[in-house]
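**Q** input.txt is reproduced in full below (compact mmCIF, C-alpha atoms).
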```txt
# COMPACT_ATOMS: atom_id res chain seq x y z
CA MET L 1409 0.00 0.00 0.00
CA THR L 1410 2.77 2.41 0.99
CA GLN L 1411 4.74 1.37 -2.08
CA GLU L 1412 1.73 2.06 -4.30
CA ARG L 1413 1.38 5.53 -2.84
CA THR L 1414 5.04 6.30 -3.42
CA SER L 1415 4.86 5.25 -7.04
CA TYR L 1416 1.74 7.40 -7.55
CA ALA L 1417 3.58 10.33 -6.04
CA MET L 1418 6.51 9.72 -8.37
CA ILE L 1419 4.27 9.52 -11.41
CA ALA L 1420 2.59 12.74 -10.32
CA ALA L 1421 5.95 14.45 -9.86
CA VAL L 1422 7.07 13.38 -13.33
CA LEU L 1423 3.79 14.60 -14.82
CA ILE L 1424 4.09 17.97 -13.12
CA TYR L 1425 7.67 18.28 -14.35
CA MET L 1426 6.60 17.48 -17.90
CA ALA L 1427 3.71 19.93 -17.69
CA GLY L 1428 6.18 22.56 -16.55
CA LEU L 1429 8.39 21.82 -19.57
CA ALA L 1430 5.38 22.08 -21.86
CA VAL L 1431 4.40 25.46 -20.40
CA ALA L 1432 7.97 26.72 -20.75
CA ALA L 1433 8.07 25.52 -24.35
CA SER L 1434 4.76 27.15 -25.25
CA ALA L 1435 5.85 30.40 -23.66
CA THR L 1436 8.90 30.61 -25.89
CA GLU L 1437 6.89 30.10 -29.06
CA THR L 1438 6.13 33.23 -30.99
CA GLU L 1439 2.59 32.14 -31.89
CA PRO L 1440 1.23 30.26 -28.88
CA VAL L 1441 -1.46 28.12 -30.46
CA ALA L 1442 -2.58 25.09 -28.51
CA ASN L 1443 -3.04 22.23 -30.93
CA SER L 1444 -3.60 19.33 -28.61
CA GLY L 1445 -6.84 18.15 -30.19
CA ARG L 1446 -8.81 18.32 -33.40
CA VAL L 1447 -9.98 21.81 -32.55
CA PRO L 1448 -7.28 24.26 -31.47
CA LEU L 1449 -7.88 25.22 -27.86
CA PRO L 1450 -8.29 28.90 -27.17
CA VAL L 1451 -5.30 30.81 -25.92
CA ILE L 1452 -6.78 32.79 -23.07
CA PRO L 1453 -4.92 36.05 -22.60
CA ILE L 1454 -3.86 37.17 -19.19
CA GLY L 1455 -5.40 39.68 -16.85
CA GLU L 1456 -4.02 42.03 -14.26
CA GLY L 1457 -3.63 41.04 -10.63
CA ASP L 1458 -3.75 37.73 -8.82
CA SER L 1459 -7.40 36.95 -9.36
CA CYS L 1460 -10.46 37.97 -11.29
CA VAL L 1461 -13.41 39.66 -9.54
CA GLU L 1462 -14.82 36.18 -8.88
CA ASP L 1463 -13.44 32.64 -9.17
CA ILE L 1464 -12.44 31.70 -12.69
CA ASP L 1465 -14.94 28.83 -12.77
CA PHE L 1466 -17.72 31.16 -11.68
CA MET L 1467 -16.73 33.76 -14.23
CA ARG L 1468 -16.65 31.22 -17.06
CA ARG L 1469 -20.23 30.25 -16.44
CA ASN L 1470 -21.75 33.48 -15.18
CA HIS L 1471 -19.92 36.47 -16.64
CA MET L 1472 -22.80 37.14 -19.01
CA SER L 1473 -25.31 37.40 -16.16
CA LEU L 1474 -23.08 39.77 -14.24
CA LEU L 1475 -22.68 41.98 -17.30
CA MET L 1476 -26.39 41.90 -18.11
CA HIS L 1477 -27.31 42.84 -14.55
CA GLN L 1478 -24.78 45.63 -14.42
CA ARG L 1479 -25.76 47.11 -17.77
CA ASP L 1480 -29.37 47.70 -16.75
CA GLU L 1481 -28.36 49.24 -13.45
CA THR L 1482 -25.88 51.54 -15.12
CA VAL L 1483 -28.02 52.74 -17.99
CA GLN L 1484 -31.30 53.07 -16.18
CA GLU L 1485 -30.30 54.02 -12.66
CA GLY L 1486 -26.86 55.52 -13.10
CA ILE L 1487 -25.16 52.99 -10.81
CA ARG L 1488 -21.55 52.91 -11.90
CA SER L 1489 -19.87 50.51 -9.49
CA LYS L 1490 -16.74 49.04 -11.04
CA GLN L 1491 -16.82 45.46 -9.77
CA TYR L 1492 -18.65 43.94 -12.74
CA SER L 1493 -18.39 46.70 -15.32
CA LEU L 1494 -17.54 45.85 -18.92
CA LYS L 1495 -15.11 48.73 -18.98
CA GLU L 1496 -13.12 47.19 -16.13
CA CYS L 1497 -13.11 43.74 -17.79
CA LEU L 1498 -11.72 45.21 -20.98
CA SER L 1499 -9.10 47.24 -19.18
CA CYS L 1500 -7.81 44.41 -16.98
CA HIS L 1501 -7.88 41.84 -19.79
CA ALA L 1502 -6.50 44.14 -22.48
CA VAL L 1503 -4.27 42.32 -24.94
CA LEU L 1504 -1.49 44.35 -26.46
CA GLY L 1505 -0.95 44.09 -30.20
CA PRO L 1506 2.32 44.39 -32.12
CA ASP L 1507 2.19 48.18 -31.78
CA ALA L 1508 1.89 47.85 -27.98
CA THR L 1509 -1.64 49.28 -27.96
CA PRO L 1510 -4.65 47.19 -26.90
CA VAL L 1511 -6.22 45.19 -29.73
CA THR L 1512 -9.91 45.58 -30.63
CA ALA L 1513 -12.45 42.79 -31.00
CA ALA L 1514 -11.48 42.70 -34.65
CA SER L 1515 -8.41 40.75 -33.60
CA PRO L 1516 -8.68 37.02 -32.80
CA GLN L 1517 -6.28 37.68 -29.91
CA HIS L 1518 -8.91 39.80 -28.13
CA PHE L 1519 -9.77 38.45 -24.69
CA CYS L 1520 -13.48 37.96 -25.38
CA ARG L 1521 -12.99 36.64 -28.87
CA SER L 1522 -10.40 34.03 -27.97
CA CYS L 1523 -13.06 32.04 -26.10
CA HIS L 1524 -16.12 33.07 -28.03
CA ASP L 1525 -14.58 32.00 -31.33
CA TYR L 1526 -13.80 28.60 -29.82
CA ALA L 1527 -17.27 28.19 -28.33
CA ALA L 1528 -18.92 29.59 -31.48
CA VAL L 1529 -21.00 32.01 -29.42
CA LYS L 1530 -21.59 35.28 -31.20
CA ILE L 1531 -21.71 38.39 -29.04
CA ASP L 1532 -23.01 41.76 -30.13
CA CYS L 1533 -21.63 43.89 -27.28
CA PHE L 1534 -19.01 45.46 -29.51
CA GLN L 1535 -21.43 46.67 -32.14
CA CYS L 1536 -21.93 49.58 -29.76
CA HIS L 1537 -19.34 49.29 -27.01
CA ALA L 1538 -15.68 50.06 -27.39
CA SER L 1539 -13.80 46.77 -27.25
CA ARG L 1540 -10.60 48.16 -25.77
CA PRO L 1541 -9.64 50.73 -23.15
CA GLU L 1542 -9.20 54.22 -24.46
CA PRO L 1543 -5.69 54.99 -25.69
CA GLY L 1544 -3.44 56.13 -22.90
CA THR L 1545 -5.69 54.89 -20.08
CA LEU L 1546 -4.01 51.53 -19.59
CA PRO L 1547 -1.54 51.52 -16.68
CA ALA L 1548 2.08 51.48 -17.84
CA ASP L 1549 2.74 48.34 -15.82
CA HIS L 1550 -0.25 46.49 -17.27
CA LEU L 1551 1.86 43.60 -18.54
CA GLN L 1552 3.95 43.35 -15.37
CA ARG L 1553 0.83 43.20 -13.24
CA SER L 1554 -0.74 40.60 -15.49
CA THR L 1555 -0.07 37.47 -13.49
CA LEU L 1556 -3.18 35.48 -14.22
CA ALA L 1557 -1.37 33.61 -16.97
CA VAL L 1558 -2.80 30.17 -17.47
CA SER L 1559 -1.34 27.70 -19.89
CA PRO L 1560 -3.63 26.58 -22.70
CA ALA L 1561 -3.55 22.97 -21.47
CA THR L 1562 -4.97 23.78 -18.06
CA HIS L 1563 -7.34 26.45 -19.31
CA ARG L 1564 -9.49 24.03 -21.17
CA ILE L 1565 -13.19 24.80 -21.40
CA GLU L 1566 -15.19 21.90 -20.04
CA MET O 230 -58.36 59.32 -1.57
CA SER O 231 -55.06 61.11 -1.29
CA LEU O 232 -53.93 63.85 -3.58
CA LYS O 233 -51.22 61.63 -5.03
CA ILE O 234 -53.67 59.01 -6.25
CA LYS O 235 -55.86 61.72 -7.68
CA SER O 236 -53.00 63.09 -9.71
CA MET O 237 -52.26 59.60 -11.07
CA ASP O 238 -55.87 59.31 -12.18
CA VAL O 239 -55.52 62.56 -14.02
CA ALA O 240 -52.35 61.37 -15.73
CA GLU O 241 -54.08 58.29 -17.08
CA THR O 242 -57.13 60.13 -18.36
CA PRO O 243 -57.02 60.56 -22.13
CA GLY O 244 -56.23 64.14 -23.00
CA PHE O 245 -54.88 64.93 -19.57
CA ASP O 246 -53.58 68.38 -18.91
CA PRO O 247 -50.00 68.50 -17.64
CA GLN O 248 -50.62 71.97 -16.25
CA ARG O 249 -53.33 70.55 -14.03
CA ARG O 250 -51.08 67.72 -12.94
CA SER O 251 -48.41 70.31 -12.12
CA PHE O 252 -50.95 72.12 -10.00
CA LEU O 253 -51.94 69.01 -8.08
CA GLY O 254 -48.32 67.99 -7.64
CA ALA O 255 -47.43 71.42 -6.41
CA ALA O 256 -50.32 71.37 -3.99
CA ALA O 257 -49.12 68.03 -2.63
CA ALA O 258 -45.52 69.14 -2.33
CA ALA O 259 -46.66 72.48 -0.90
CA ALA O 260 -43.35 73.99 -1.98
CA GLY O 261 -43.00 75.19 -5.55
CA VAL O 262 -41.07 77.93 -7.26
CA ALA O 263 -43.15 79.89 -9.73
CA LEU O 264 -41.03 80.41 -12.83
CA ALA O 265 -43.64 81.95 -15.04
CA PRO O 266 -47.42 81.92 -14.92
CA GLY O 267 -48.49 78.29 -15.00
CA VAL O 268 -44.96 76.87 -14.85
CA MET O 269 -43.69 75.38 -11.64
CA LEU O 270 -40.38 73.93 -10.57
CA TYR O 271 -40.59 71.89 -7.44
CA ALA O 272 -38.32 72.37 -4.49
CA ILE O 273 -38.97 69.17 -2.59
CA THR O 274 -35.38 68.21 -1.96
CA LYS O 275 -34.34 67.56 1.61
CA SER O 276 -30.58 67.28 1.44
CA SER O 277 -28.22 69.31 -0.69
CA PRO O 278 -27.89 67.29 -3.91
CA THR O 279 -24.78 69.12 -5.06
CA LYS O 280 -22.71 66.56 -3.17
CA ALA O 281 -21.14 63.91 -5.37
CA ARG O 282 -23.15 60.71 -5.56
CA ALA O 283 -21.42 57.45 -4.64
CA LEU O 284 -20.53 55.17 -7.55
CA ASP O 285 -22.96 52.49 -6.40
CA ALA O 286 -25.80 54.90 -5.61
CA ALA O 287 -28.72 55.27 -8.02
CA ALA O 288 -29.73 58.61 -9.52
CA SER O 289 -32.27 60.31 -7.30
CA SER O 290 -35.43 62.20 -8.12
CA ASP O 291 -34.43 64.77 -5.51
CA VAL O 292 -32.36 66.17 -8.34
CA ARG O 293 -33.55 67.54 -11.65
CA TRP O 294 -30.71 68.45 -13.93
CA GLY O 295 -31.29 71.39 -16.20
CA MET O 296 -29.63 74.06 -18.26
CA LEU O 297 -30.18 77.75 -18.75
CA ILE O 298 -28.81 79.16 -21.98
CA ASP O 299 -28.38 82.93 -22.21
CA LEU O 300 -28.77 83.78 -25.88
CA GLY O 301 -27.45 87.27 -25.22
CA ARG O 302 -24.05 85.64 -24.83
CA CYS O 303 -24.37 83.05 -27.60
CA ASP O 304 -22.51 84.20 -30.70
CA SER O 305 -23.85 83.08 -34.07
CA GLY O 306 -20.34 82.27 -35.33
CA CYS O 307 -19.45 80.06 -32.38
CA ASP O 308 -20.02 76.31 -32.39
CA ASP O 309 -17.71 75.31 -29.54
CA CYS O 310 -20.54 73.40 -27.83
CA VAL O 311 -21.14 71.33 -30.96
CA THR O 312 -17.45 70.52 -31.36
CA ALA O 313 -17.04 69.67 -27.69
CA CYS O 314 -20.04 67.33 -27.84
CA ALA O 315 -18.68 65.52 -30.90
CA THR O 316 -15.26 65.11 -29.30
CA GLU O 317 -16.59 64.00 -25.94
CA ASN O 318 -19.02 61.44 -27.29
CA GLY O 319 -17.10 60.31 -30.34
CA ILE O 320 -19.67 61.47 -32.88
CA GLY O 321 -18.08 61.51 -36.29
CA GLY O 322 -19.93 62.21 -39.52
CA HIS O 323 -19.56 60.84 -43.01
CA GLY O 324 -20.09 64.18 -44.70
CA ARG O 325 -23.76 63.34 -45.20
CA PRO O 326 -25.72 65.90 -43.18
CA GLU O 327 -29.08 64.24 -43.92
CA THR O 328 -28.14 61.05 -42.12
CA ASP O 329 -25.17 61.91 -39.90
CA PRO O 330 -26.15 61.84 -36.23
CA GLN O 331 -26.17 65.07 -34.27
CA TRP O 332 -26.73 65.54 -30.58
CA ILE O 333 -26.51 69.32 -30.53
CA ARG O 334 -26.71 71.85 -33.35
CA LYS O 335 -26.72 75.61 -33.74
CA ILE O 336 -29.79 77.13 -35.33
CA GLU O 337 -30.56 80.68 -36.43
CA LEU O 338 -33.93 82.15 -35.57
CA THR O 339 -34.96 85.25 -37.48
CA ASP O 340 -38.01 87.36 -36.84
CA PRO O 341 -39.40 87.91 -40.36
CA GLN O 342 -41.02 91.19 -39.33
CA THR O 343 -37.99 92.90 -37.83
CA GLY O 344 -35.11 90.86 -39.23
CA ASN O 345 -33.80 90.40 -35.70
CA SER O 346 -31.75 87.21 -35.55
CA LYS O 347 -30.73 84.92 -32.71
CA SER O 348 -28.39 81.97 -32.72
CA LEU O 349 -29.16 79.16 -30.32
CA PRO O 350 -27.88 75.70 -29.51
CA MET O 351 -30.60 73.06 -29.85
CA MET O 352 -30.38 69.62 -28.30
CA CYS O 353 -32.52 67.24 -26.32
CA LEU O 354 -34.31 69.54 -23.91
CA HIS O 355 -34.94 66.73 -21.39
CA CYS O 356 -38.68 67.28 -21.00
CA GLU O 357 -40.49 66.44 -17.82
CA ASP O 358 -43.18 64.77 -19.94
CA PRO O 359 -41.16 63.53 -22.90
CA PRO O 360 -43.18 62.55 -25.99
CA CYS O 361 -40.33 60.25 -27.07
CA VAL O 362 -40.91 58.14 -23.95
CA ASP O 363 -44.67 58.02 -24.54
CA VAL O 364 -44.33 56.55 -28.02
CA CYS O 365 -41.50 54.08 -27.49
CA PRO O 366 -42.84 50.54 -28.03
CA THR O 367 -40.07 48.78 -26.09
CA GLY O 368 -39.40 51.13 -23.19
CA ALA O 369 -35.94 51.90 -24.54
CA SER O 370 -36.64 55.62 -24.49
CA PHE O 371 -36.88 56.52 -20.84
CA LYS O 372 -36.44 59.27 -18.30
CA ARG O 373 -33.96 58.70 -15.52
CA ALA O 374 -34.91 59.57 -11.95
CA ASP O 375 -32.93 62.81 -12.13
CA GLY O 376 -34.81 63.97 -15.23
CA ILE O 377 -32.30 63.01 -17.93
CA VAL O 378 -34.02 61.53 -20.99
CA LEU O 379 -32.03 58.66 -22.49
CA VAL O 380 -32.17 55.78 -24.95
CA ASP O 381 -31.37 52.34 -23.58
CA LYS O 382 -29.74 50.97 -26.71
CA HIS O 383 -29.93 47.44 -25.33
CA THR O 384 -33.68 47.53 -25.90
CA CYS O 385 -33.92 50.01 -28.78
CA ILE O 386 -35.16 48.32 -31.96
CA GLY O 387 -34.53 51.34 -34.16
CA CYS O 388 -38.19 51.97 -35.04
CA ARG O 389 -37.61 55.74 -34.90
CA TYR O 390 -41.04 56.59 -33.45
CA CYS O 391 -39.26 58.82 -30.94
CA ILE O 392 -37.56 60.77 -33.70
CA ILE O 393 -40.97 61.56 -35.16
CA ALA O 394 -42.52 62.33 -31.76
CA CYS O 395 -39.84 64.78 -30.65
CA PRO O 396 -40.87 68.37 -31.43
CA TYR O 397 -37.25 69.52 -31.26
CA LYS O 398 -35.65 67.14 -33.78
CA ALA O 399 -33.29 66.15 -31.01
CA ARG O 400 -32.85 62.49 -31.81
CA SER O 401 -30.81 60.85 -34.55
CA PHE O 402 -30.72 57.39 -36.02
CA VAL O 403 -27.35 55.74 -36.50
CA HIS O 404 -27.38 54.61 -40.12
CA GLU O 405 -23.84 53.39 -40.45
CA LEU O 406 -21.38 51.17 -38.64
CA VAL O 407 -19.58 52.88 -35.82
CA GLU O 408 -16.05 52.02 -34.80
CA ASP O 409 -13.73 53.23 -32.08
CA GLN O 410 -16.48 54.47 -29.81
CA LYS O 411 -15.65 56.17 -26.56
CA THR O 412 -15.83 53.76 -23.65
CA HIS O 413 -18.31 56.04 -21.86
CA ALA O 414 -20.54 56.60 -24.88
CA PRO O 415 -21.52 53.34 -26.60
CA ARG O 416 -23.11 53.99 -30.00
CA GLY O 417 -24.07 51.58 -32.73
CA LYS O 418 -25.80 51.14 -36.04
CA GLY O 419 -29.53 50.55 -35.93
CA THR O 420 -30.27 52.43 -32.73
CA VAL O 421 -31.52 55.91 -31.95
CA GLU O 422 -29.44 58.32 -29.96
CA GLY O 423 -29.52 61.84 -28.66
CA CYS O 424 -27.99 64.20 -26.13
CA THR O 425 -27.41 62.38 -22.84
CA MET O 426 -26.55 65.62 -21.04
CA CYS O 427 -23.17 63.86 -20.71
CA VAL O 428 -24.67 61.52 -18.14
CA HIS O 429 -21.30 59.84 -17.58
CA ARG O 430 -19.84 63.20 -16.57
CA ILE O 431 -22.80 64.09 -14.37
CA ASP O 432 -22.44 60.76 -12.56
CA ALA O 433 -18.80 61.69 -11.94
CA ASP O 434 -19.83 65.11 -10.59
CA ARG O 435 -18.70 67.01 -13.67
CA GLN O 436 -20.46 69.39 -16.06
CA PRO O 437 -21.62 68.44 -19.55
CA ALA O 438 -18.95 68.89 -22.22
CA CYS O 439 -20.87 71.64 -24.06
CA VAL O 440 -21.26 73.71 -20.90
CA GLU O 441 -17.60 73.33 -20.07
CA ALA O 442 -16.54 74.33 -23.60
CA CYS O 443 -18.91 77.29 -23.59
CA SER O 444 -17.43 78.68 -20.41
CA ASP O 445 -13.84 77.89 -21.43
CA THR O 446 -13.69 79.16 -24.98
CA GLY O 447 -17.23 80.25 -25.86
CA GLY O 448 -19.31 83.09 -24.51
CA GLY O 449 -20.16 81.48 -21.18
CA ALA O 450 -23.81 81.32 -22.20
CA MET O 451 -24.64 77.91 -20.75
CA LEU O 452 -25.37 77.26 -17.10
CA PHE O 453 -25.87 73.73 -15.83
CA GLY O 454 -27.32 72.79 -12.47
CA ASN O 455 -29.98 71.26 -10.30
CA LEU O 456 -33.38 72.86 -10.81
CA ASN O 457 -34.69 71.19 -7.66
CA ASP O 458 -32.16 72.85 -5.40
CA PRO O 459 -33.34 76.37 -4.55
CA ASP O 460 -29.78 77.37 -3.63
CA SER O 461 -28.22 76.33 -6.95
CA GLU O 462 -27.05 79.06 -9.31
CA ILE O 463 -29.46 77.93 -12.02
CA SER O 464 -32.47 78.00 -9.69
CA LYS O 465 -31.58 81.50 -8.55
CA ARG O 466 -31.16 82.67 -12.11
CA VAL O 467 -34.44 81.24 -13.37
CA ALA O 468 -36.20 82.69 -10.34
CA ARG O 469 -34.72 86.13 -10.86
CA TYR O 470 -34.76 86.54 -14.64
CA ALA O 471 -37.37 85.70 -17.21
CA SER O 472 -36.54 82.57 -19.15
CA GLN O 473 -38.42 80.71 -21.83
CA GLN O 474 -39.01 77.23 -23.11
CA ILE O 475 -39.10 76.46 -26.80
CA ARG O 476 -42.66 75.48 -27.71
CA ALA O 477 -43.86 76.12 -24.18
CA ASP O 478 -47.39 75.65 -25.57
CA LEU O 479 -46.77 71.90 -25.66
CA GLY O 480 -46.56 71.86 -21.86
CA LEU O 481 -43.57 69.52 -21.76
CA ASN O 482 -41.66 71.47 -19.09
CA THR O 483 -38.23 71.24 -20.64
CA ALA O 484 -35.16 71.10 -18.41
CA VAL O 485 -33.25 73.25 -20.89
CA ARG O 486 -34.48 76.83 -20.80
CA TYR O 487 -33.46 79.88 -22.78
CA GLN O 488 -32.90 83.45 -21.65
CA ASN O 489 -33.11 86.52 -23.92
CA LEU O 490 -34.89 84.57 -26.63
```
Translate this structure into structure tokens?
**A**
Amino acid sequence: MTQERTSYAMIAAVLIYMAGLAVAASATETEPVANSGRVPLPVIPIGEGDSCVEDIDFMRRNHMSLLMHQRDETVQEGIRSKQYSLKECLSCHAVLGPDATPVTAASPQHFCRSCHDYAAVKIDCFQCHASRPEPGTLPADHLQRSTLAVSPATHRIE
Amino acid sequence: MSLKIKSMDVAETPGFDPQRRSFLGAAAAAAGVALAPGVMLYAITKSSPTKARALDAAASSDVRWGMLIDLGRCDSGCDDCVTACATENGIGGHGRPETDPQWIRKIELTDPQTGNSKSLPMMCLHCEDPPCVDVCPTGASFKRADGIVLVDKHTCIGCRYCIIACPYKARSFVHELVEDQKTHAPRGKGTVEGCTMCVHRIDADRQPACVEACSDTGGGAMLFGNLNDPDSEISKRVARYASQQIRADLGLNTAVRYQNL
């Protein structure tokens, strides 16, 4: 029994080591595209800070409800709290393009698009809303503060 | 039956008279400021609403935002308010005046008998009883608690009834794709839009862009403030000097008033 446990632990350690190698390898690639299956997995861009406004699992399933709730409060009642505002999402999750300015939803690298393209869910937010923070409003240390990097392999949508 | 219920009955009667509703409302509030014969502004506020509202607090009906525009100081050659509005809200045209959206425009009024001419900025006048809200089939056209008349573009279907209903031609339809919007002013093809009184600025305790531009580089003709606060500059000015509404005969009680018209 003890032996079995030890071997499991060793296998786990090897797996973790290999996963680490894989992450390091993908990080050095110029075009990080995850091609582990038939359909390329989305490359989810990073966001600022250590955590999102809610757990990642919660956000994956419920971000649309939070945004819908907030939008009505903001437009109709003038409540402009920042916790669940679209503007804050776009600022924190801004992806910088080759010219070091945030990309718009026209780019497949855009935070919202990277997942929505994969899930084939069309959103119409950006027919009216700006899809990136206004030029010059992004903090200079945006990239340094962006620590929510998750490798494509572990960021799989289930 | 209380006075309040009575006034609601009046409002739902076909062909109701807003003047009469004003009278009943004023009687209930027992504190009104007479602006002109038959026109009342209510002073029912308890606290001073000039204090900045918290980010998570809703707009309150203690406040009614309004503007007073002194046409004696509005130069016919100046369009700083129009430019400031376009810059602030990201309104760009395509060189097609018939279909390009406009939130504020300068118009010339000439008395045909004397030839006397006035230039005035025209925008959404933020009526107390807005016809655009009455006709909207989806509830997208609405009046916020603090009197600002807005379009909720999430529910606007682009039917344009409000454009037809508005006596001031204050609303525009967005005919073409819009890109690079301002983050505070979402705008998109297929919806109706109009002056928001720079609601994003008001919520941040700032003045509308046109008013700011007018005092910075224009003639200082525009005054913005809370009509419900008797101590505000605008309330004092409308109480002291004669001011007028455009098409006052419609009884809409506009929040934007003009002086020296």
**Q** Name the closest residue to Thr412 in chain O among the candidates L:Lys1490, L:His1471, L:His1550, L:Lys1495; distances are taken between atoms, counting all atoms listed in the file.
**A** L:Lys1495
**Q** If we count only C-alpha atoms, which residues of chain O reach to within 9 Å of chain L? Please list them as an MDAnalysis selection string.
**A** chainID O and resid 283:289 371:374 379:383 406:418 428:429 432
**Q** Would you compute the distance between CA of Glu405 in chain O and CA of Glu327 in chain O? Give it in Å to one decimal.
**A**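 Those two atoms sit 12.5 Å apart.
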**Q** Find, counting all atoms listed in the file, the residue in L:Ala1548, L:Ala1513, L:Leu1474, L:Val1447 that gets nearest to Asp1532 in chain L.
**A**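 Between L:Ala1548, L:Ala1513, L:Leu1474, L:Val1447, the residue approaching Asp1532 in chain L most closely is L:Ala1513.
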**Q** Calculate how many Å separate CA of Gln474 in chain O from CA of Gly448 in chain O, rounding to one decimal.
**A**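 Separation of CA of Gln474 in chain O and CA of Gly448 in chain O: 20.6 Å.
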**Q** Calculate, to one decimal in Å, the centre and edge lengths of the box along x, y and z of the file that holds all listed atoms of range 359-364 of chain O with 8 Å of margin on each side, and present them as lines of an AutoDock Vina configuration file.
**A**
```
center_x = -42.5
center_y = 60.0
center_z = -25.5
size_x = 20.3
size_y = 23.0
size_z = 21.1
```
**Q** Using only C-alpha atoms, which residue out of L:Glu1456, L:Asp1549, L:Glu1462, L:Asp1525 lies closest to Ser1499 in chain L?
**A**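 Comparing L:Glu1456, L:Asp1549, L:Glu1462, L:Asp1525 against Ser1499 in chain L, the winner is L:Glu1456.
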**Q** What lies within 9 Å of range 293-307 of chain O using all atoms listed in the file, ignoring chain neighbours under 6 positions off, as number ranges by chain?
**A** O: 335-337, 347-350, 354-355, 374-377, 426, 440, 443, 447-458, 463, 466-467, 472, 483-490
